[in-house]
Every structure is written in C-alpha cells, then in structure tokens.
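Okay, target-v3.cif now, which holds mmCIF, C-alpha atoms:
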data_protein
#
loop_
_atom_site.label_atom_id
_atom_site.label_comp_id
_atom_site.auth_asym_id
_atom_site.auth_seq_id
_atom_site.Cartn_x
_atom_site.Cartn_y
_atom_site.Cartn_z
CA ARG A 316 0.00 0.00 0.00
CA ARG A 317 2.80 2.38 0.94
CA SER A 318 4.64 1.63 -2.31
CA SER A 319 1.45 2.29 -4.30
CA ASP A 320 0.85 5.58 -2.47
CA LEU A 321 4.41 6.71 -3.10
CA LYS A 322 4.08 5.83 -6.76
CA LYS A 323 0.91 7.89 -7.08
CA LEU A 324 2.52 10.78 -5.23
CA ARG A 325 5.54 10.69 -7.55
CA ALA A 326 3.33 10.50 -10.63
CA GLY A 327 1.29 13.44 -9.38
CA TRP A 328 4.47 15.45 -8.82
CA ASP A 329 5.77 14.58 -12.28
CA TRP A 330 2.59 15.53 -14.12
CA GLY A 331 2.15 18.61 -11.97
CA SER A 332 5.60 19.67 -13.15
CA VAL A 333 4.60 19.09 -16.78
CA GLY A 334 1.46 21.17 -16.27
CA ALA A 335 3.34 23.95 -14.49
CA ARG A 336 5.76 24.23 -17.39
CA ALA A 337 2.83 24.50 -19.79
CA CYS A 338 1.59 27.47 -17.75
CA VAL A 339 5.02 29.10 -17.96
CA TYR A 340 5.70 28.59 -21.67
CA GLY A 341 2.15 28.72 -22.98
CA PRO A 342 1.32 32.42 -22.51
CA PRO A 343 4.38 33.79 -24.39
CA ALA A 344 3.63 31.45 -27.28
CA ILE A 345 -0.03 32.50 -27.43
CA VAL A 346 0.75 36.21 -27.21
CA ALA A 347 3.50 35.98 -29.84
CA ALA A 348 1.31 34.06 -32.28
CA ARG A 349 -1.85 36.15 -31.88
CA LEU A 350 -0.45 39.64 -31.43
CA LEU A 351 2.94 39.53 -33.12
CA ARG A 352 2.06 36.92 -35.75
CA ASN A 353 5.29 35.21 -34.75
CA LYS A 354 5.08 31.42 -34.60
CA ALA A 355 8.84 31.02 -34.15
CA ILE A 356 8.52 32.04 -30.51
CA GLY A 357 5.80 29.44 -30.05
CA ARG A 358 8.03 26.81 -31.61
CA ASP A 359 10.80 27.67 -29.17
CA MET A 360 8.40 27.61 -26.21
CA MET A 361 7.09 24.19 -27.27
CA HIS A 362 10.63 22.84 -27.42
CA ARG A 363 11.43 24.26 -23.99
CA TRP A 364 8.25 22.79 -22.52
CA CYS A 365 8.94 19.35 -23.98
CA ALA A 366 12.63 19.28 -23.08
CA GLY A 367 12.01 20.48 -19.53
CA SER A 368 9.18 17.99 -19.07
CA VAL A 369 11.32 15.09 -20.32
CA ASP A 370 13.89 15.94 -17.66
CA ALA A 371 11.26 16.43 -14.95
CA VAL A 372 9.53 13.11 -15.61
CA GLY A 373 12.90 11.34 -15.56
CA ILE A 374 13.09 10.05 -19.11
CA ASP A 375 16.40 8.48 -20.08
CA LEU A 376 16.20 9.35 -23.76
CA ASP A 377 18.42 7.65 -26.31
CA TRP A 378 18.28 9.77 -29.50
CA ARG A 379 19.72 7.63 -32.29
CA HIS A 380 20.84 8.90 -35.69
CA GLY A 381 19.47 12.37 -34.98
CA GLU A 382 22.25 13.83 -37.11
CA ARG A 383 20.48 12.45 -40.18
CA LEU A 384 17.77 15.05 -39.70
CA ASP A 385 20.32 17.82 -40.26
CA THR A 386 20.10 17.09 -43.98
CA VAL A 387 16.29 17.38 -43.98
CA ASP A 388 14.76 20.76 -44.68
CA GLN A 389 10.99 20.41 -45.01
CA ALA A 390 9.25 17.04 -44.76
CA ILE A 391 6.28 14.98 -43.70
CA PHE A 392 7.44 13.33 -40.48
CA VAL A 393 5.75 10.02 -39.69
CA ALA A 394 5.99 8.49 -36.20
CA ASN A 395 4.50 5.49 -34.45
CA HIS A 396 2.48 6.27 -31.34
CA GLN A 397 2.84 4.43 -28.02
CA SER A 398 1.80 6.88 -25.30
CA PHE A 399 1.22 10.52 -24.44
CA LEU A 400 4.93 10.71 -23.64
CA ASP A 401 5.67 10.55 -27.38
CA ILE A 402 4.69 14.21 -27.67
CA LEU A 403 7.25 15.24 -25.07
CA VAL A 404 9.97 12.97 -26.46
CA ILE A 405 9.66 14.13 -30.07
CA GLY A 406 9.17 17.77 -29.14
CA SER A 407 12.31 17.73 -27.01
CA ARG A 408 14.52 16.62 -29.90
CA LEU A 409 12.97 17.59 -33.23
CA ARG A 410 14.08 21.19 -33.83
CA HIS A 411 12.46 21.65 -37.24
CA ASP A 412 9.60 24.08 -37.75
CA PHE A 413 6.71 21.62 -37.72
CA ARG A 414 3.03 21.32 -36.84
CA TRP A 415 1.38 18.35 -35.14
CA LEU A 416 -1.79 16.60 -36.18
CA ALA A 417 -3.49 15.90 -32.86
CA LYS A 418 -6.96 14.83 -31.80
CA SER A 419 -9.22 17.81 -31.18
CA ALA A 420 -9.64 16.94 -27.48
CA VAL A 421 -6.03 17.98 -26.85
CA PHE A 422 -6.89 21.48 -28.08
CA LYS A 423 -9.35 21.77 -25.19
CA VAL A 424 -6.69 21.25 -22.52
CA PRO A 425 -6.16 24.55 -20.64
CA MET A 426 -3.07 26.47 -21.75
CA LEU A 427 -1.71 23.63 -23.89
CA GLY A 428 -4.71 23.78 -26.19
CA GLY A 429 -4.45 27.55 -26.51
CA HIS A 430 -0.81 27.25 -27.48
CA LEU A 431 -1.48 24.53 -30.05
CA LYS A 432 -4.27 26.54 -31.64
CA ALA A 433 -2.35 29.82 -31.71
CA SER A 434 0.76 28.15 -33.13
CA GLY A 435 -1.09 26.58 -36.04
CA HIS A 436 -1.12 22.92 -35.08
CA ILE A 437 -3.84 20.88 -36.75
CA PRO A 438 -6.81 19.35 -34.89
CA VAL A 439 -8.27 16.04 -36.06
CA PHE A 440 -11.94 15.55 -35.20
CA ARG A 441 -13.60 12.29 -34.29
CA GLY A 442 -17.07 10.95 -33.61
CA ALA A 443 -19.93 13.38 -34.18
CA GLU A 444 -17.49 16.09 -35.30
CA LYS A 445 -15.73 13.93 -37.88
CA GLU A 446 -17.23 15.88 -40.79
CA ARG A 447 -15.09 18.84 -39.73
CA ASN A 448 -12.11 16.98 -41.20
CA ALA A 449 -13.42 17.64 -44.72
CA ASP A 450 -10.87 20.42 -45.27
CA ILE A 451 -7.97 18.82 -43.42
CA GLY A 452 -6.01 18.36 -46.65
CA ASP A 453 -6.19 22.10 -47.27
CA ARG A 454 -5.17 22.85 -43.68
CA ILE A 455 -2.13 20.60 -44.03
CA GLN A 456 -1.22 22.22 -47.35
CA ALA A 457 -1.50 25.66 -45.75
CA VAL A 458 1.14 24.62 -43.21
CA VAL A 459 3.37 23.33 -46.02
CA ASP A 460 2.91 26.61 -47.91
CA GLU A 461 4.18 28.44 -44.82
CA GLY A 462 7.41 26.47 -45.19
CA ALA A 463 6.80 24.24 -42.17
CA SER A 464 6.90 20.46 -41.88
CA VAL A 465 4.03 18.32 -40.65
CA LEU A 466 4.16 15.51 -38.10
CA PHE A 467 1.73 12.59 -38.31
CA PHE A 468 1.15 9.73 -35.91
CA ALA A 469 0.35 7.48 -38.84
CA GLU A 470 -1.45 4.79 -36.84
CA GLY A 471 -4.14 7.33 -36.06
CA THR A 472 -4.26 6.44 -32.36
CA ARG A 473 -2.00 5.21 -29.61
CA SER A 474 -1.03 1.55 -29.48
CA GLU A 475 -2.32 -0.26 -26.40
CA ASP A 476 0.68 -2.56 -26.04
CA GLY A 477 3.43 -1.04 -28.16
CA THR A 478 2.63 -3.23 -31.17
CA LEU A 479 2.70 -1.31 -34.43
CA LYS A 480 -0.76 -0.82 -35.92
CA PRO A 481 -1.51 -0.42 -39.66
CA PHE A 482 -0.66 3.04 -40.97
CA ARG A 483 -3.38 5.25 -42.36
CA SER A 484 -2.84 6.84 -45.73
CA GLY A 485 -3.20 10.51 -44.78
CA ALA A 486 0.50 11.23 -44.25
CA PHE A 487 1.48 9.70 -47.57
CA MET A 488 -1.28 11.49 -49.46
CA ALA A 489 -0.13 14.77 -47.92
CA ALA A 490 3.47 14.06 -48.93
CA ALA A 491 2.44 13.27 -52.50
CA ARG A 492 0.32 16.43 -52.73
CA ALA A 493 3.06 18.66 -51.30
CA GLY A 494 5.96 16.97 -53.10
CA LEU A 495 7.78 16.43 -49.80
CA PRO A 496 9.78 13.44 -48.56
CA VAL A 497 8.40 11.14 -45.87
CA VAL A 498 10.81 10.93 -42.93
CA PRO A 499 10.12 8.19 -40.33
CA LEU A 500 10.63 8.67 -36.59
CA VAL A 501 10.68 5.39 -34.68
CA ILE A 502 9.67 5.48 -31.02
CA GLU A 503 10.45 2.49 -28.81
CA GLY A 504 9.77 2.08 -25.11
CA THR A 505 7.24 4.73 -24.13
CA HIS A 506 4.40 2.25 -23.68
CA ARG A 507 6.42 0.54 -20.94
CA LEU A 508 6.23 3.64 -18.79
CA MET A 509 2.66 4.73 -19.33
CA ASP A 510 -0.46 2.79 -20.26
CA ARG A 511 -2.78 4.22 -22.86
CA ASN A 512 -5.53 4.90 -20.31
CA THR A 513 -3.48 6.28 -17.45
CA SER A 514 -1.17 9.19 -16.67
CA ASP A 515 0.70 7.15 -14.07
CA ARG A 516 4.26 6.28 -14.97
CA LYS A 517 5.19 2.67 -14.24
CA SER A 518 8.68 3.45 -12.95
CA THR A 519 10.61 6.43 -11.73
CA ARG A 520 13.29 6.28 -14.39
CA LEU A 521 14.03 4.19 -17.43
CA ASN A 522 17.01 1.90 -17.13
CA SER A 523 19.44 1.27 -19.99
CA SER A 524 17.29 -1.49 -21.46
CA HIS A 525 14.10 0.60 -21.46
CA ARG A 526 15.14 3.83 -23.10
CA TYR A 527 13.18 5.71 -25.69
CA HIS A 528 14.74 5.29 -29.10
CA LEU A 529 14.13 7.76 -31.91
CA VAL A 530 15.78 6.76 -35.15
#
Could you render the structure from this file as structure tokens?
Amino acid sequence: RRSSDLKKLRAGWDWGSVGARACVYGPPAIVAARLLRNKAIGRDMMHRWCAGSVDAVGIDLDWRHGERLDTVDQAIFVANHQSFLDILVIGSRLRHDFRWLAKSAVFKVPMLGGHLKASGHIPVFRGAEKERNADIGDRIQAVVDEGASVLFFAEGTRSEDGTLKPFRSGAFMAAARAGLPVVPLVIEGTHRLMDRNTSDRKSTRLNSSHRYHLV
C-alpha cells in the first residue's frame, strides 16, 4: 500500500511539473502568435516545454541517428504512437519548424490547447465532429505553404501494447500532394512507462534497457 501511495505521489508530482511548465511557456507562445504573428517564438516555447518535461519526468532518452535530420529541410514526419509521452519525447529533440496533427480533445486542454491553436497545429476531429475533417487536406497544405513540416502519428491512435498498428494513408497522401519526402521517426519504449488509459508512470526512471529510441 505504501509503495502504491508513493508511486501515485511521484506520478502526481511529475505531471504537476509538466502542467506547471505549460503554464510558464504557454502564454508567451499564445501572445506571440496572436499579437505579433510570430510562430517562431511558439516553436521555441514548445521545445522548452517538452525538453524540460522530459527531464522532470525522468526520461532516459536515447536519441539515435538524430544527425540524419540535419540534412532534412521540409518534410512529412511520420511516427509510431505508443503513449502521451511521445509528444514530449519528439518535441524535445525535433528542432524543425513543424506542426502536429493531434486529436481535437487535446486542443481543449487549458493552456496547452491555446498554445497549439495559436501556433497553427492541426486538430483532427472524431465521432460526431468527424465531418469537420473535410478540409484537413487544405489545412495541411497551408502549413506546407508556410514552409513548415508536418508531423503525423500514422497509426491514427496510440497503441495499447506497443505493437505497431496499420498506418493510415493521410501522411502519404499529404506528402504526394506537397511533393515532400516522408521521414520516419521510430519510437520504442514509451508504452512501458505509461499505459494508454493512465497518466501514471510505471517506474521512476528508465534503465538502460528501457530507453526511448528515436531513429
């Protein structure tokens, strides 16, 4: 019981730290995007939020072959999706100007949602609102026309057990339309720390055999 209580306390501290950082970096990004029409500041704030959160949560991140991205200018980035932590991991390392495709519910999260909306990230609607995706191809192309890259979680949803699900065609259709290369980002290990339906990390820190690998 004591071990379980300590685990919950640590998880609460970790996610409180992530939320606190969102409150620090979110407002400058929103103000810059809406008043100054400057999304570069938002991009920097997102990186700072992700990088700081990765450290706060205690992620032992193994970034493999990251130097290969130095030769990539603009692209359609395609990643597998294992947990919410993927957002923090990718955002802490990928320094390109890019926009996420994320489910619309994330845009309703206080502060984080305001930042995503102001910075031009792309909501994907589900359920009763699914018809609002009718113009998503145009919204993606608008990002490309700005000179930014686009990041897809090509499975469309998070894997429940880390097993790769079939990819949806949206990322590849967007790449063909924009004439951009598809660049894969491979995430390994995040599902071991956080289940799909919980925000509770399973361990305090990843050991050497359970690192996150981005290739």
Run through the PyMOL selection byres ((chain A and resi 366) around 9) on the given coordinates and return the selected residues as a ChimeraX atom specification.
/A:361-365,367-371,403-404,406-408
What would the file look like if the residues just selected were written as a PDB file, in the frame of the given file with C-alpha atoms?
ATOM      1  CA  MET A 361       7.090  24.190 -27.270  1.00  0.00           C
ATOM      2  CA  HIS A 362      10.630  22.840 -27.420  1.00  0.00           C
ATOM      3  CA  ARG A 363      11.430  24.260 -23.990  1.00  0.00           C
ATOM      4  CA  TRP A 364       8.250  22.790 -22.520  1.00  0.00           C
ATOM      5  CA  CYS A 365       8.940  19.350 -23.980  1.00  0.00           C
ATOM      6  CA  GLY A 367      12.010  20.480 -19.530  1.00  0.00           C
ATOM      7  CA  SER A 368       9.180  17.990 -19.070  1.00  0.00           C
ATOM      8  CA  VAL A 369      11.320  15.090 -20.320  1.00  0.00           C
ATOM      9  CA  ASP A 370      13.890  15.940 -17.660  1.00  0.00           C
ATOM     10  CA  ALA A 371      11.260  16.430 -14.950  1.00  0.00           C
ATOM     11  CA  LEU A 403       7.250  15.240 -25.070  1.00  0.00           C
ATOM     12  CA  VAL A 404       9.970  12.970 -26.460  1.00  0.00           C
ATOM     13  CA  GLY A 406       9.170  17.770 -29.140  1.00  0.00           C
ATOM     14  CA  SER A 407      12.310  17.730 -27.010  1.00  0.00           C
ATOM     15  CA  ARG A 408      14.520  16.620 -29.900  1.00  0.00           C
TER      16      ARG A 408
END
Residue members of the PyMOL selection byres ((chain A and resi 486-497) around 8) in the file shown, as a list in words
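Taken over the shown coordinates, the PyMOL selection byres ((chain A and resi 486-497) around 8) returns Gln389, Ala390, Ile391, Phe392, Val393, Gly452, Ile455, Gln456, Val459, Phe467, Ala469, Arg483, Ser484, Gly485, Val498 and Pro499 of chain A.
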Under the rule that all atoms listed in the file are counted, which of A:Arg358, A:Ala463, A:Ala394, A:Ala443 is the nearest residue to Phe482 of chain A?
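For Phe482 of chain A, the nearest of the given residues is A:Ala394.
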Separation of atom CA of Lys354 of chain A from atom CA of Arg336 of chain A, in Å and rounded to one decimal:
18.7 Å
Mind giving me the straight-line distance from atom CA of Lys423 of chain A to atom CA of Leu409 of chain A in Å, one decimal?
24.1 Å
I need the output of the PyMOL selection byres ((chain A and resi 397) around 9) for this file as a PDB file with C-alpha atoms, in the frame of the given file; which residues are they?
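Result saved to part_14.pdb:
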ATOM      1  CA  ASN A 395       4.500   5.490 -34.450  1.00  0.00           C
ATOM      2  CA  HIS A 396       2.480   6.270 -31.340  1.00  0.00           C
ATOM      3  CA  SER A 398       1.800   6.880 -25.300  1.00  0.00           C
ATOM      4  CA  PHE A 399       1.220  10.520 -24.440  1.00  0.00           C
ATOM      5  CA  LEU A 400       4.930  10.710 -23.640  1.00  0.00           C
ATOM      6  CA  ASP A 401       5.670  10.550 -27.380  1.00  0.00           C
ATOM      7  CA  THR A 472      -4.260   6.440 -32.360  1.00  0.00           C
ATOM      8  CA  ARG A 473      -2.000   5.210 -29.610  1.00  0.00           C
ATOM      9  CA  SER A 474      -1.030   1.550 -29.480  1.00  0.00           C
ATOM     10  CA  GLU A 475      -2.320  -0.260 -26.400  1.00  0.00           C
ATOM     11  CA  ASP A 476       0.680  -2.560 -26.040  1.00  0.00           C
ATOM     12  CA  GLY A 477       3.430  -1.040 -28.160  1.00  0.00           C
ATOM     13  CA  THR A 478       2.630  -3.230 -31.170  1.00  0.00           C
ATOM     14  CA  LEU A 479       2.700  -1.310 -34.430  1.00  0.00           C
ATOM     15  CA  ILE A 502       9.670   5.480 -31.020  1.00  0.00           C
ATOM     16  CA  GLU A 503      10.450   2.490 -28.810  1.00  0.00           C
ATOM     17  CA  GLY A 504       9.770   2.080 -25.110  1.00  0.00           C
ATOM     18  CA  THR A 505       7.240   4.730 -24.130  1.00  0.00           C
ATOM     19  CA  HIS A 506       4.400   2.250 -23.680  1.00  0.00           C
ATOM     20  CA  ARG A 507       6.420   0.540 -20.940  1.00  0.00           C
ATOM     21  CA  MET A 509       2.660   4.730 -19.330  1.00  0.00           C
ATOM     22  CA  ASP A 510      -0.460   2.790 -20.260  1.00  0.00           C
ATOM     23  CA  ARG A 511      -2.780   4.220 -22.860  1.00  0.00           C
TER      24      ARG A 511
END
When you draw a straight line from atom CA of Val424 of chain A to atom CA of Asp453 of chain A, how long is it in Å?
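Interatomic distance here is 24.8 Å.
Among the candidates A:Asp412, A:Pro481, A:Gly381, A:Asp450, the one nearest to Gly462 of chain A when counting only C-alpha atoms is A:Asp412.
Using all atoms listed in the file, the smallest distance between any of A:Val465, A:Ala433, A:Ile451, A:Leu376 and His411 of chain A comes from A:Val465.
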Can you patch up segment 435-446 of chain A, filling it in to all heavy atoms, and show the result as a PDB file, in the coordinates of the input?
ATOM      1  N   GLY A 435      -0.757  27.144 -34.736  1.00  0.00           N
ATOM      2  CA  GLY A 435      -1.090  26.580 -36.040  1.00  0.00           C
ATOM      3  C   GLY A 435      -1.060  25.083 -36.147  1.00  0.00           C
ATOM      4  O   GLY A 435      -1.053  24.530 -37.258  1.00  0.00           O
ATOM      5  N   HIS A 436      -1.048  24.370 -35.016  1.00  0.00           N
ATOM      6  CA  HIS A 436      -1.120  22.920 -35.080  1.00  0.00           C
ATOM      7  C   HIS A 436      -2.519  22.501 -35.534  1.00  0.00           C
ATOM      8  O   HIS A 436      -3.476  23.293 -35.465  1.00  0.00           O
ATOM      9  CB  HIS A 436      -0.756  22.321 -33.723  1.00  0.00           C
ATOM     10  CG  HIS A 436       0.658  22.625 -33.317  1.00  0.00           C
ATOM     11  ND1 HIS A 436       1.735  21.885 -33.752  1.00  0.00           N
ATOM     12  CD2 HIS A 436       1.169  23.612 -32.541  1.00  0.00           C
ATOM     13  CE1 HIS A 436       2.851  22.395 -33.252  1.00  0.00           C
ATOM     14  NE2 HIS A 436       2.540  23.448 -32.521  1.00  0.00           N
ATOM     15  N   ILE A 437      -2.648  21.283 -35.991  1.00  0.00           N
ATOM     16  CA  ILE A 437      -3.840  20.880 -36.750  1.00  0.00           C
ATOM     17  C   ILE A 437      -4.693  19.887 -35.960  1.00  0.00           C
ATOM     18  O   ILE A 437      -4.255  18.769 -35.688  1.00  0.00           O
ATOM     19  CB  ILE A 437      -3.416  20.243 -38.093  1.00  0.00           C
ATOM     20  CG1 ILE A 437      -2.538  21.214 -38.880  1.00  0.00           C
ATOM     21  CG2 ILE A 437      -4.644  19.841 -38.906  1.00  0.00           C
ATOM     22  CD1 ILE A 437      -1.843  20.589 -40.069  1.00  0.00           C
ATOM     23  N   PRO A 438      -5.931  20.279 -35.602  1.00  0.00           N
ATOM     24  CA  PRO A 438      -6.810  19.350 -34.890  1.00  0.00           C
ATOM     25  C   PRO A 438      -7.439  18.324 -35.824  1.00  0.00           C
ATOM     26  O   PRO A 438      -7.786  18.639 -36.971  1.00  0.00           O
ATOM     27  CB  PRO A 438      -7.875  20.270 -34.280  1.00  0.00           C
ATOM     28  CG  PRO A 438      -7.939  21.424 -35.219  1.00  0.00           C
ATOM     29  CD  PRO A 438      -6.536  21.612 -35.741  1.00  0.00           C
ATOM     30  N   VAL A 439      -7.577  17.106 -35.336  1.00  0.00           N
ATOM     31  CA  VAL A 439      -8.270  16.040 -36.060  1.00  0.00           C
ATOM     32  C   VAL A 439      -9.512  15.678 -35.257  1.00  0.00           C
ATOM     33  O   VAL A 439      -9.413  15.344 -34.074  1.00  0.00           O
ATOM     34  CB  VAL A 439      -7.370  14.804 -36.239  1.00  0.00           C
ATOM     35  CG1 VAL A 439      -8.124  13.698 -36.975  1.00  0.00           C
ATOM     36  CG2 VAL A 439      -6.098  15.174 -36.993  1.00  0.00           C
ATOM     37  N   PHE A 440     -10.672  15.760 -35.900  1.00  0.00           N
ATOM     38  CA  PHE A 440     -11.940  15.550 -35.200  1.00  0.00           C
ATOM     39  C   PHE A 440     -12.409  14.111 -35.339  1.00  0.00           C
ATOM     40  O   PHE A 440     -12.176  13.455 -36.352  1.00  0.00           O
ATOM     41  CB  PHE A 440     -12.990  16.517 -35.752  1.00  0.00           C
ATOM     42  CG  PHE A 440     -12.628  17.965 -35.564  1.00  0.00           C
ATOM     43  CD1 PHE A 440     -11.934  18.668 -36.550  1.00  0.00           C
ATOM     44  CD2 PHE A 440     -12.944  18.624 -34.393  1.00  0.00           C
ATOM     45  CE1 PHE A 440     -11.579  19.996 -36.371  1.00  0.00           C
ATOM     46  CE2 PHE A 440     -12.593  19.953 -34.196  1.00  0.00           C
ATOM     47  CZ  PHE A 440     -11.909  20.639 -35.195  1.00  0.00           C
ATOM     48  N   ARG A 441     -13.097  13.642 -34.305  1.00  0.00           N
ATOM     49  CA  ARG A 441     -13.600  12.290 -34.290  1.00  0.00           C
ATOM     50  C   ARG A 441     -15.073  12.266 -33.884  1.00  0.00           C
ATOM     51  O   ARG A 441     -15.613  13.264 -33.420  1.00  0.00           O
ATOM     52  CB  ARG A 441     -12.784  11.421 -33.319  1.00  0.00           C
ATOM     53  CG  ARG A 441     -11.326  11.275 -33.741  1.00  0.00           C
ATOM     54  CD  ARG A 441     -10.526  10.490 -32.721  1.00  0.00           C
ATOM     55  NE  ARG A 441      -9.133  10.337 -33.116  1.00  0.00           N
ATOM     56  CZ  ARG A 441      -8.188   9.778 -32.369  1.00  0.00           C
ATOM     57  NH1 ARG A 441      -8.502   9.289 -31.172  1.00  0.00           N
ATOM     58  NH2 ARG A 441      -6.942   9.680 -32.808  1.00  0.00           N
ATOM     59  N   GLY A 442     -15.687  11.115 -34.043  1.00  0.00           N
ATOM     60  CA  GLY A 442     -17.070  10.950 -33.610  1.00  0.00           C
ATOM     61  C   GLY A 442     -18.025  11.860 -34.348  1.00  0.00           C
ATOM     62  O   GLY A 442     -17.968  11.991 -35.576  1.00  0.00           O
ATOM     63  N   ALA A 443     -18.887  12.531 -33.596  1.00  0.00           N
ATOM     64  CA  ALA A 443     -19.930  13.380 -34.180  1.00  0.00           C
ATOM     65  C   ALA A 443     -19.352  14.568 -34.955  1.00  0.00           C
ATOM     66  O   ALA A 443     -20.032  15.145 -35.811  1.00  0.00           O
ATOM     67  CB  ALA A 443     -20.870  13.872 -33.089  1.00  0.00           C
ATOM     68  N   GLU A 444     -18.107  14.930 -34.650  1.00  0.00           N
ATOM     69  CA  GLU A 444     -17.490  16.090 -35.300  1.00  0.00           C
ATOM     70  C   GLU A 444     -16.622  15.682 -36.497  1.00  0.00           C
ATOM     71  O   GLU A 444     -15.927  16.522 -37.077  1.00  0.00           O
ATOM     72  CB  GLU A 444     -16.635  16.871 -34.312  1.00  0.00           C
ATOM     73  CG  GLU A 444     -17.415  17.517 -33.182  1.00  0.00           C
ATOM     74  CD  GLU A 444     -16.510  18.371 -32.318  1.00  0.00           C
ATOM     75  OE1 GLU A 444     -15.514  17.832 -31.797  1.00  0.00           O
ATOM     76  OE2 GLU A 444     -16.799  19.574 -32.161  1.00  0.00           O
ATOM     77  N   LYS A 445     -16.647  14.434 -36.857  1.00  0.00           N
ATOM     78  CA  LYS A 445     -15.730  13.930 -37.880  1.00  0.00           C
ATOM     79  C   LYS A 445     -15.851  14.661 -39.209  1.00  0.00           C
ATOM     80  O   LYS A 445     -14.871  14.804 -39.951  1.00  0.00           O
ATOM     81  CB  LYS A 445     -15.992  12.437 -38.098  1.00  0.00           C
ATOM     82  CG  LYS A 445     -14.894  11.723 -38.855  1.00  0.00           C
ATOM     83  CD  LYS A 445     -15.111  10.222 -38.852  1.00  0.00           C
ATOM     84  CE  LYS A 445     -13.968   9.506 -39.562  1.00  0.00           C
ATOM     85  NZ  LYS A 445     -14.153   8.020 -39.533  1.00  0.00           N
ATOM     86  N   GLU A 446     -17.043  15.170 -39.516  1.00  0.00           N
ATOM     87  CA  GLU A 446     -17.230  15.880 -40.790  1.00  0.00           C
ATOM     88  C   GLU A 446     -16.391  17.154 -40.866  1.00  0.00           C
ATOM     89  O   GLU A 446     -16.147  17.676 -41.958  1.00  0.00           O
ATOM     90  CB  GLU A 446     -18.711  16.211 -40.994  1.00  0.00           C
ATOM     91  CG  GLU A 446     -19.294  17.241 -40.043  1.00  0.00           C
ATOM     92  CD  GLU A 446     -19.746  16.640 -38.708  1.00  0.00           C
ATOM     93  OE1 GLU A 446     -19.553  15.421 -38.526  1.00  0.00           O
ATOM     94  OE2 GLU A 446     -20.267  17.393 -37.871  1.00  0.00           O
TER      95      GLU A 446
END
